[in-house]
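A.B. asks: The structure file target-v2.txt (compact mmCIF, C-alpha atoms and all ligand atoms) is provided below.
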# COMPACT_ATOMS: atom_id res chain seq x y z
CA MET A 5 -8.27 -24.83 15.88
CA PHE A 6 -8.44 -21.29 14.50
CA ASN A 7 -10.35 -19.31 11.89
CA ALA A 8 -9.08 -18.37 8.45
CA LEU A 9 -10.59 -16.98 5.27
CA VAL A 10 -10.00 -19.73 2.71
CA MET A 11 -10.39 -19.31 -1.06
CA GLU A 12 -11.54 -22.54 -2.70
CA LYS A 13 -11.88 -23.13 -6.41
CA ASP A 14 -14.99 -24.65 -7.96
CA GLU A 15 -13.56 -27.09 -10.50
CA GLU A 16 -16.54 -26.80 -12.87
CA SER A 17 -16.60 -23.00 -13.18
CA GLY A 18 -12.88 -22.56 -12.45
CA LEU A 19 -13.82 -19.68 -10.13
CA ALA A 20 -12.72 -19.30 -6.52
CA SER A 21 -14.84 -18.06 -3.63
CA PRO A 22 -14.04 -17.23 0.02
CA SER A 23 -15.44 -18.77 3.20
CA ILE A 24 -14.37 -18.74 6.83
CA LYS A 25 -13.07 -22.17 7.85
CA GLN A 26 -11.64 -23.74 10.96
CA LEU A 27 -8.05 -24.88 10.41
CA SER A 28 -5.41 -26.52 12.60
CA LEU A 29 -1.67 -25.75 12.70
CA ASP A 30 -1.10 -28.91 10.63
CA ASP A 31 -3.07 -27.33 7.77
CA LEU A 32 -0.61 -24.42 7.49
CA PRO A 33 2.22 -24.60 4.96
CA HIS A 34 5.69 -25.05 6.50
CA GLY A 35 7.39 -22.01 8.03
CA GLU A 36 10.14 -21.19 10.54
CA VAL A 37 8.05 -18.83 12.64
CA THR A 38 4.45 -19.32 13.75
CA VAL A 39 2.68 -16.01 14.30
CA ALA A 40 -0.55 -15.41 16.21
CA VAL A 41 -1.96 -12.86 13.79
CA GLU A 42 -3.73 -9.92 15.40
CA TYR A 43 -4.49 -7.66 12.45
CA SER A 44 -4.33 -7.68 8.68
CA THR A 45 -5.59 -5.17 6.12
CA VAL A 46 -6.98 -4.72 2.61
CA ASN A 47 -4.74 -3.66 -0.26
CA TYR A 48 -5.47 -3.55 -3.98
CA LYS A 49 -3.67 -6.88 -4.34
CA ASP A 50 -5.93 -8.37 -1.67
CA GLY A 51 -8.87 -7.34 -3.83
CA LEU A 52 -7.28 -9.31 -6.68
CA CYS A 53 -6.46 -12.33 -4.51
CA THR A 54 -10.00 -12.55 -3.09
CA SER A 55 -11.60 -12.18 -6.55
CA PRO A 56 -13.00 -15.24 -8.37
CA LYS A 57 -9.99 -15.52 -10.72
CA GLY A 58 -7.36 -14.58 -8.16
CA GLY A 59 -6.26 -11.62 -10.28
CA GLY A 60 -3.57 -13.75 -11.95
CA LEU A 61 -1.67 -13.73 -8.64
CA VAL A 62 -3.00 -16.88 -6.93
CA ARG A 63 -1.99 -20.10 -8.65
CA ASN A 64 -2.85 -22.80 -6.09
CA TYR A 65 -6.06 -23.43 -4.15
CA PRO A 66 -7.15 -23.74 -1.40
CA HIS A 67 -5.51 -20.44 -0.56
CA VAL A 68 -5.45 -18.07 2.41
CA PRO A 69 -5.08 -14.46 1.16
CA GLY A 70 -3.90 -11.40 3.11
CA ILE A 71 -0.68 -9.83 1.81
CA ASP A 72 0.32 -8.37 5.16
CA TYR A 73 -0.18 -8.98 8.85
CA ALA A 74 1.07 -8.08 12.32
CA GLY A 75 1.00 -10.12 15.49
CA THR A 76 2.98 -12.00 18.11
CA VAL A 77 5.44 -14.84 17.59
CA GLU A 78 4.15 -18.09 19.11
CA ALA A 79 7.04 -20.39 18.21
CA SER A 80 10.22 -20.11 16.16
CA THR A 81 12.92 -22.46 14.90
CA ASP A 82 15.02 -19.44 13.86
CA ASP A 83 17.25 -17.72 16.45
CA ARG A 84 16.20 -14.26 15.34
CA TYR A 85 12.70 -14.66 16.84
CA LYS A 86 11.28 -16.06 20.06
CA ALA A 87 7.79 -16.44 21.51
CA GLY A 88 6.30 -13.09 22.50
CA ASP A 89 8.14 -10.98 19.87
CA LYS A 90 5.95 -8.48 18.04
CA VAL A 91 6.37 -8.69 14.27
CA VAL A 92 5.05 -7.26 11.02
CA LEU A 93 5.10 -8.85 7.60
CA THR A 94 4.61 -7.26 4.18
CA GLY A 95 5.54 -8.48 0.71
CA TRP A 96 7.52 -11.59 -0.34
CA ARG A 97 4.38 -12.69 -2.25
CA VAL A 98 2.74 -13.72 1.02
CA GLY A 99 -1.02 -13.84 0.46
CA GLU A 100 -0.39 -14.52 -3.25
CA ALA A 101 2.04 -17.45 -3.71
CA HIS A 102 2.14 -18.24 0.03
CA TRP A 103 -0.67 -18.36 2.57
CA GLY A 104 -1.26 -14.96 4.14
CA GLY A 105 -2.72 -13.01 7.00
CA TYR A 106 -6.49 -13.53 6.73
CA SER A 107 -6.05 -16.14 9.44
CA GLN A 108 -5.63 -16.24 13.20
CA LYS A 109 -2.33 -18.14 12.77
CA ALA A 110 0.29 -17.96 10.04
CA ASN A 111 3.63 -19.60 9.32
CA ALA A 112 6.40 -17.40 7.92
CA LEU A 113 10.07 -17.58 7.00
CA ALA A 114 12.17 -15.54 9.45
CA ASP A 115 13.56 -13.52 6.52
CA TRP A 116 10.08 -12.20 5.76
CA LEU A 117 9.49 -10.67 9.18
CA VAL A 118 10.44 -7.30 10.64
CA PRO A 119 10.36 -6.61 14.40
CA LEU A 120 7.72 -4.00 15.19
CA PRO A 121 9.52 -0.74 16.01
CA ASP A 122 9.02 0.90 19.42
CA GLY A 123 5.99 3.14 19.37
CA LEU A 124 3.93 1.05 16.94
CA ASP A 125 1.50 -1.71 17.98
CA ALA A 126 0.09 -4.45 15.74
CA ARG A 127 -3.12 -2.56 14.99
CA GLN A 128 -1.23 0.62 14.04
CA ALA A 129 1.17 -1.43 11.92
CA MET A 130 -1.76 -2.73 9.92
CA ALA A 131 -3.36 0.69 9.73
CA VAL A 132 -0.10 1.47 7.93
CA GLY A 133 0.11 -1.90 6.12
CA THR A 134 1.74 -2.51 2.76
CA ALA A 135 0.14 0.67 1.43
CA GLY A 136 1.61 2.89 4.14
CA PHE A 137 4.95 1.09 4.13
CA THR A 138 5.14 1.70 0.38
CA ALA A 139 4.21 5.35 0.85
CA MET A 140 7.13 5.66 3.31
CA LEU A 141 9.50 3.97 0.83
CA ALA A 142 8.37 6.48 -1.80
CA VAL A 143 8.99 9.48 0.47
CA MET A 144 12.42 8.06 1.42
CA ALA A 145 13.32 7.64 -2.27
CA LEU A 146 12.31 11.24 -3.02
CA GLU A 147 14.39 12.48 -0.07
CA ASP A 148 17.34 10.33 -1.16
CA HIS A 149 17.11 12.12 -4.53
CA GLY A 150 17.30 15.57 -2.98
CA MET A 151 13.73 16.57 -2.09
CA THR A 152 13.62 18.90 0.93
CA PRO A 153 10.75 20.92 2.45
CA GLY A 154 10.28 24.60 1.63
CA HIS A 155 10.82 24.55 -2.13
CA GLY A 156 7.27 24.10 -3.42
CA PRO A 157 4.37 21.65 -3.47
CA VAL A 158 4.64 17.85 -3.59
CA LEU A 159 1.94 16.09 -5.60
CA VAL A 160 0.25 12.92 -4.29
CA THR A 161 -1.98 11.09 -6.77
CA GLY A 162 -4.73 8.64 -5.76
CA ALA A 163 -4.61 10.65 -2.55
CA ALA A 164 -7.74 9.30 -0.84
CA GLY A 165 -6.55 5.70 -1.28
CA GLY A 166 -4.26 3.84 1.13
CA VAL A 167 -0.86 4.78 -0.32
CA GLY A 168 -2.00 8.33 -1.02
CA SER A 169 -3.51 8.94 2.43
CA VAL A 170 -0.39 7.82 4.27
CA ALA A 171 1.92 9.68 1.88
CA THR A 172 -0.13 12.85 2.40
CA ALA A 173 0.04 12.58 6.20
CA ILE A 174 3.79 11.81 6.28
CA LEU A 175 4.74 14.58 3.84
CA ALA A 176 2.60 17.18 5.62
CA ASN A 177 4.11 16.16 8.96
CA LEU A 178 7.62 16.55 7.50
CA GLY A 179 6.76 20.13 6.56
CA TYR A 180 5.96 19.73 2.87
CA GLU A 181 3.16 21.55 1.11
CA VAL A 182 1.01 18.71 -0.26
CA ALA A 183 -1.26 18.90 -3.32
CA ALA A 184 -3.60 15.91 -3.23
CA VAL A 185 -5.14 14.59 -6.45
CA THR A 186 -8.49 12.89 -6.01
CA GLY A 187 -11.38 11.81 -8.21
CA ARG A 188 -13.68 11.94 -5.18
CA PRO A 189 -14.34 15.61 -4.30
CA GLU A 190 -16.21 14.49 -1.17
CA THR A 191 -12.86 13.37 0.31
CA GLY A 192 -11.54 16.96 0.27
CA ASP A 193 -12.11 17.60 3.99
CA TYR A 194 -10.56 14.25 4.87
CA LEU A 195 -7.46 15.00 2.78
CA LYS A 196 -7.14 18.45 4.34
CA SER A 197 -7.39 16.87 7.80
CA LEU A 198 -4.40 14.69 6.85
CA GLY A 199 -2.47 17.84 5.99
CA ALA A 200 -3.08 18.46 2.26
CA SER A 201 -2.94 22.16 1.44
CA THR A 202 -4.52 21.90 -2.01
CA ILE A 203 -7.01 19.49 -3.56
CA VAL A 204 -6.43 18.86 -7.28
CA PRO A 205 -9.44 17.34 -9.13
CA ARG A 206 -8.48 14.16 -10.99
CA THR A 207 -9.99 15.59 -14.20
CA GLU A 208 -7.24 18.23 -14.29
CA LEU A 209 -4.57 15.57 -14.75
CA ASN A 210 -6.02 12.46 -16.33
CA GLU A 211 -6.12 13.69 -19.89
CA THR A 212 -3.11 13.55 -22.15
CA THR A 213 -1.75 16.74 -23.59
CA LYS A 214 0.25 17.16 -26.76
CA ARG A 215 2.69 19.38 -24.83
CA PRO A 216 5.53 17.27 -23.40
CA LEU A 217 6.41 20.10 -20.97
CA GLU A 218 4.05 22.27 -18.97
CA SER A 219 4.90 24.86 -16.33
CA GLU A 220 7.28 23.59 -13.64
CA THR A 221 5.05 23.00 -10.62
CA TRP A 222 5.94 20.06 -8.38
CA VAL A 223 9.10 19.47 -6.31
CA GLY A 224 8.23 15.79 -5.98
CA CYS A 225 5.41 13.34 -6.60
CA VAL A 226 4.18 10.13 -4.99
CA ASP A 227 2.20 8.52 -7.80
CA ALA A 228 -0.24 5.70 -7.03
CA VAL A 229 -2.07 6.03 -10.35
CA GLY A 230 0.32 5.56 -13.30
CA GLY A 231 -1.08 5.73 -16.83
CA GLU A 232 -1.97 9.05 -18.41
CA MET A 233 -1.78 10.88 -15.10
CA LEU A 234 1.83 9.88 -14.53
CA ALA A 235 2.70 10.84 -18.12
CA ARG A 236 1.12 14.25 -17.60
CA VAL A 237 2.78 14.82 -14.21
CA LEU A 238 6.27 14.11 -15.62
CA GLY A 239 5.90 17.21 -17.82
CA GLN A 240 4.93 19.35 -14.80
CA MET A 241 7.88 18.52 -12.52
CA LYS A 242 10.33 21.23 -11.54
CA TYR A 243 13.88 21.01 -12.87
CA GLY A 244 15.72 18.00 -11.35
CA ALA A 245 12.68 16.82 -9.35
CA SER A 246 11.65 13.19 -8.92
CA VAL A 247 8.47 11.15 -9.24
CA ALA A 248 8.15 7.97 -7.16
CA ALA A 249 6.09 5.53 -9.26
CA VAL A 250 4.22 3.34 -6.80
CA GLY A 251 1.01 2.14 -8.39
CA LEU A 252 -1.15 1.60 -11.40
CA ALA A 253 -4.67 2.39 -10.13
CA GLY A 254 -5.24 4.36 -13.35
CA GLY A 255 -3.42 2.00 -15.73
CA ALA A 256 -0.12 0.31 -16.45
CA ALA A 257 0.63 2.13 -19.69
CA LEU A 258 2.91 5.15 -19.72
CA PRO A 259 2.02 7.29 -22.75
CA ALA A 260 4.87 9.77 -22.15
CA THR A 261 7.81 11.31 -23.99
CA VAL A 262 11.42 11.35 -22.76
CA ILE A 263 11.51 15.16 -23.01
CA PRO A 264 11.06 15.83 -19.23
CA PHE A 265 14.05 13.56 -18.55
CA LEU A 266 16.24 15.19 -21.18
CA LEU A 267 15.33 18.86 -20.79
CA ARG A 268 14.49 19.07 -17.11
CA GLY A 269 16.54 16.25 -15.57
CA VAL A 270 13.37 14.76 -14.10
CA ASN A 271 13.83 11.38 -12.36
CA LEU A 272 11.33 8.54 -12.42
CA LEU A 273 11.96 6.34 -9.37
CA GLY A 274 10.48 2.84 -9.22
CA ILE A 275 9.17 1.76 -5.82
CA ASP A 276 8.80 -1.93 -5.02
CA SER A 277 7.69 -3.01 -1.57
CA VAL A 278 7.57 -6.75 -2.20
CA MET A 279 11.26 -7.69 -2.52
CA GLN A 280 12.60 -4.69 -0.59
CA PRO A 281 15.86 -5.59 1.24
CA TYR A 282 15.65 -6.13 5.01
CA ASN A 283 17.73 -3.10 6.08
CA ASN A 284 15.55 -0.70 4.14
CA ARG A 285 12.42 -2.35 5.56
CA VAL A 286 13.68 -1.74 9.08
CA ARG A 287 14.57 1.84 8.16
CA ALA A 288 11.11 2.44 6.67
CA TRP A 289 9.23 1.00 9.68
CA GLN A 290 11.35 3.12 12.02
CA ARG A 291 10.61 6.23 9.97
CA ILE A 292 6.90 5.38 10.05
CA ALA A 293 7.02 5.19 13.86
CA THR A 294 8.57 8.66 14.04
CA ASP A 295 7.19 10.54 11.01
CA LEU A 296 3.56 9.43 10.71
CA PRO A 297 1.35 11.18 13.27
CA MET A 298 -0.73 8.49 14.95
CA ASP A 299 -3.82 10.71 15.28
CA LYS A 300 -3.83 11.19 11.51
CA LEU A 301 -3.37 7.46 11.01
CA GLU A 302 -6.36 6.81 13.28
CA ALA A 303 -8.48 9.15 11.15
CA MET A 304 -7.81 6.91 8.11
CA VAL A 305 -8.87 3.66 9.79
CA HIS A 306 -11.99 1.68 8.98
CA PRO A 307 -12.31 -1.41 11.18
CA ALA A 308 -13.32 -4.73 9.62
CA THR A 309 -13.49 -8.47 10.34
CA LEU A 310 -12.80 -11.60 8.27
CA GLY A 311 -16.50 -11.64 7.34
CA ASP A 312 -16.25 -8.22 5.62
CA LEU A 313 -13.43 -9.18 3.28
CA ARG A 314 -15.41 -10.42 0.30
CA GLN A 315 -17.16 -7.05 -0.02
CA LEU A 316 -14.07 -4.97 0.78
CA GLY A 317 -12.03 -6.85 -1.82
CA ALA A 318 -14.58 -5.95 -4.49
CA ASP A 319 -14.74 -2.33 -3.25
CA ILE A 320 -10.99 -1.72 -3.41
CA LEU A 321 -10.84 -2.98 -7.01
CA LYS A 322 -13.44 -0.31 -7.87
CA GLY A 323 -11.39 2.42 -6.11
CA GLN A 324 -14.12 2.80 -3.47
CA VAL A 325 -12.10 2.26 -0.30
CA LYS A 326 -11.13 5.44 1.54
CA GLY A 327 -8.00 5.39 3.68
CA ARG A 328 -6.97 2.19 5.43
CA VAL A 329 -9.04 -0.84 6.40
CA VAL A 330 -7.81 -2.64 9.54
CA VAL A 331 -8.96 -6.25 9.78
CA ASP A 332 -9.23 -7.69 13.30
CA VAL A 333 -8.85 -11.40 12.47
CA ASN A 334 -9.86 -12.42 15.99
P1 LIG B 401 -6.41 2.21 -3.17
O1 LIG B 401 -7.47 1.58 -3.98
O2 LIG B 401 -6.64 2.40 -1.71
O3 LIG B 401 -6.07 3.65 -3.77
C1 LIG B 401 -5.94 3.91 -5.14
C2 LIG B 401 -6.51 5.30 -5.40
O4 LIG B 401 -6.22 5.66 -6.75
C3 LIG B 401 -8.02 5.38 -5.28
O5 LIG B 401 -8.45 5.55 -3.98
C4 LIG B 401 -8.31 6.58 -6.14
O6 LIG B 401 -8.01 7.73 -5.38
C5 LIG B 401 -7.25 6.50 -7.25
N1 LIG B 401 -7.78 5.90 -8.48
C6 LIG B 401 -8.47 4.75 -8.61
N2 LIG B 401 -8.78 4.52 -9.89
C7 LIG B 401 -8.29 5.56 -10.59
C8 LIG B 401 -8.28 5.91 -11.97
N3 LIG B 401 -8.87 5.15 -12.89
N4 LIG B 401 -7.67 7.06 -12.33
C9 LIG B 401 -7.08 7.85 -11.42
N5 LIG B 401 -7.06 7.58 -10.09
C10 LIG B 401 -7.64 6.45 -9.69
O7 LIG B 401 -5.07 1.39 -3.41
P2 LIG B 401 -3.68 1.50 -2.64
O8 LIG B 401 -3.49 2.89 -2.18
O9 LIG B 401 -3.56 0.40 -1.67
O10 LIG B 401 -2.67 1.19 -3.83
C11 LIG B 401 -2.48 2.17 -4.86
C12 LIG B 401 -1.69 1.57 -5.99
O11 LIG B 401 -0.40 1.24 -5.53
C13 LIG B 401 -2.29 0.27 -6.55
O12 LIG B 401 -2.12 0.27 -7.94
C14 LIG B 401 -1.44 -0.80 -5.89
O13 LIG B 401 -1.39 -1.97 -6.66
C15 LIG B 401 -0.09 -0.12 -5.84
N6 LIG B 401 0.80 -0.61 -4.81
C16 LIG B 401 2.08 -0.85 -5.16
C17 LIG B 401 2.99 -1.28 -4.25
C18 LIG B 401 4.41 -1.45 -4.65
O14 LIG B 401 5.15 -2.19 -3.99
N7 LIG B 401 4.85 -0.77 -5.67
C19 LIG B 401 2.59 -1.60 -2.87
C20 LIG B 401 1.23 -1.22 -2.56
C21 LIG B 401 0.36 -0.76 -3.53
P3 LIG B 401 -8.98 8.99 -5.37
O15 LIG B 401 -10.34 8.46 -5.05
O16 LIG B 401 -8.41 9.90 -4.34
O17 LIG B 401 -8.92 9.55 -6.76
What does the file become when written as structure tokens?
C.D. replies:
Amino acid sequence: MFNALVMEKDEESGLASPSIKQLSLDDLPHGEVTVAVEYSTVNYKDGLCTSPKGGGLVRNYPHVPGIDYAGTVEASTDDRYKAGDKVVLTGWRVGEAHWGGYSQKANALADWLVPLPDGLDARQAMAVGTAGFTAMLAVMALEDHGMTPGHGPVLVTGAAGGVGSVATAILANLGYEVAAVTGRPETGDYLKSLGASTIVPRTELNETTKRPLESETWVGCVDAVGGEMLARVLGQMKYGASVAAVGLAGGAALPATVIPFLLRGVNLLGIDSVMQPYNNRVRAWQRIATDLPMDKLEAMVHPATLGDLRQLGADILKGQVKGRVVVDVN
């Protein structure tokens, strides 16, 4: 028997609520690889999946949330994995459509897993989590479109959140000047400790302007916010620069014009971590192991247990989680 956080739906109200239950391996949905989960984490999507209506992501109850996890393979019917292998899982709608990592055991398809790279343990992998993995994908996309250090500041929006914190630390470590946008001025020292050179108050960027182009400022942008902020930032990019659109913490709308694309050759790059092909996943995890300073990662970590998840899920939906929560499921 093992512990898991299980969401169950009250048929009368139609609302789901979490509780910690004892399950057996027979309760788990079918999978090729059984993983002894060591750590999971809390992402925005986890906030949705642990909310009473499941955020439109969870269709079937009972449900075990947790969109990512890391641990050790216990048994495998697929040749690619054997007992004792260290693995990490993000995406593939695990924790939404499939049972996830808020559990001491999980069943996965072999295709969903990535071997942990040398230099990264399960706890560090979940300090990175989907948020940090996505931040790495965003930085890789910007590099693939020509961004190099030494040509001006890179903007990171939603900087004190999970994606933003990891993006800030990676970019600073790679030698970029990082301008970190935050709506929480009290996180300024934290962001500077991660390597940000400038703190940009959210109020400077979250209002629309009638001017489709402003002065050319940023050589790249990792955007976790979307909405009006993304629209505004597009008009501030340097000629030929790229914005990696990662998130929608500030809204899904994009009230922009096409002028920055047409007159400044600005690129808007979509970043999806969920269906990311295997080879690029491996590449991203290897880059994380080499390009993310582990002392900076440690400074982002807030430890938690399965019992904390109800509160943390609500907090992340309100934008109140700083850095990365690491959930010790044991
Ligand atoms: P967090 O909640 O940790 O961070 C989001 C940050 O955005 C907050 O900390 C806050 O930063 C800022 N923010 C929140 N609300 C607003 C607002 N109304 N206007 C402007 N800024 C705001 O979430 P994550 O970092 O885990 O995820 C960030 C986004 O990326 C989410 O939308 C998430 O769904 C998405 N995402 C997408 C993935 C993909 O595959 N594309 C994968 C992972 C995440 P501050 O306090 O510094 O202002």
A.B. asks: Could you list, as a count of residues only, every residue within 6 Å of stretch 78-91 of chain A, counting only C-alpha atoms and ignoring same-chain residues fewer than 5 positions away?
C.D. replies: 7
A.B. asks: My list of candidates is A:Asp50, A:Asp276, A:Asp193, A:Asp30. Which is closest to ligand LIG 401 (chain B) when distances are computed with all atoms listed in the file?
C.D. replies: A:Asp276
A.B. asks: Fewer than 6 positions away in the same chain doesn't count, so skip those; otherwise give me all residues within 10 Å of A:Asn64, counting all atoms listed in the file, as a list in words.
C.D. replies: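 Using all atoms listed in the file, the neighbours found are Met11, Glu12, Lys13, Gly58, Glu100, Ala101, His102 and Trp103 of chain A.
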A.B. asks: Would you compute the box with edges along x, y and z of the file around ligand LIG 401 (chain B), including every atom the file lists for it and 3 Å extra on each side, and give its centre and edge lengths in Å to one decimal, as lines of an AutoDock Vina configuration file?
C.D. replies:
center_x = -2.6
center_y = 3.9
center_z = -7.3
size_x = 21.5
size_y = 18.1
size_z = 17.2
A.B. asks: Would you kindly return, as a list in words, each protein, DNA or RNA residue with an atom no farther than 10 Å from any atom of stretch 31-33 of chain A, considering all atoms listed in the file and excluding same-chain residues fewer than 6 positions away?
C.D. replies: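 The neighbour list is Met5, Val68, His102, Trp103, Lys109, Ala110, Asn111 and Ala112 of chain A.
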A.B. asks: Using all atoms listed in the file, find the one residue out of A:Glu218, A:Glu147, A:Glu16, A:Asp227 that sits nearest to ligand LIG 401 (chain B).
C.D. replies: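 Ranked by minimum distance to ligand LIG 401 (chain B), first place goes to A:Asp227.
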A.B. asks: Need to verify the contact set: stretch 130-143 of chain A, 6 Å, only C-alpha atoms, exclusion of same-chain residues closer than 5 positions in sequence. Can you return it as a ChimeraX atom specification?
C.D. replies: /A:44-45,94,166-167,170-171,248,277,328,330
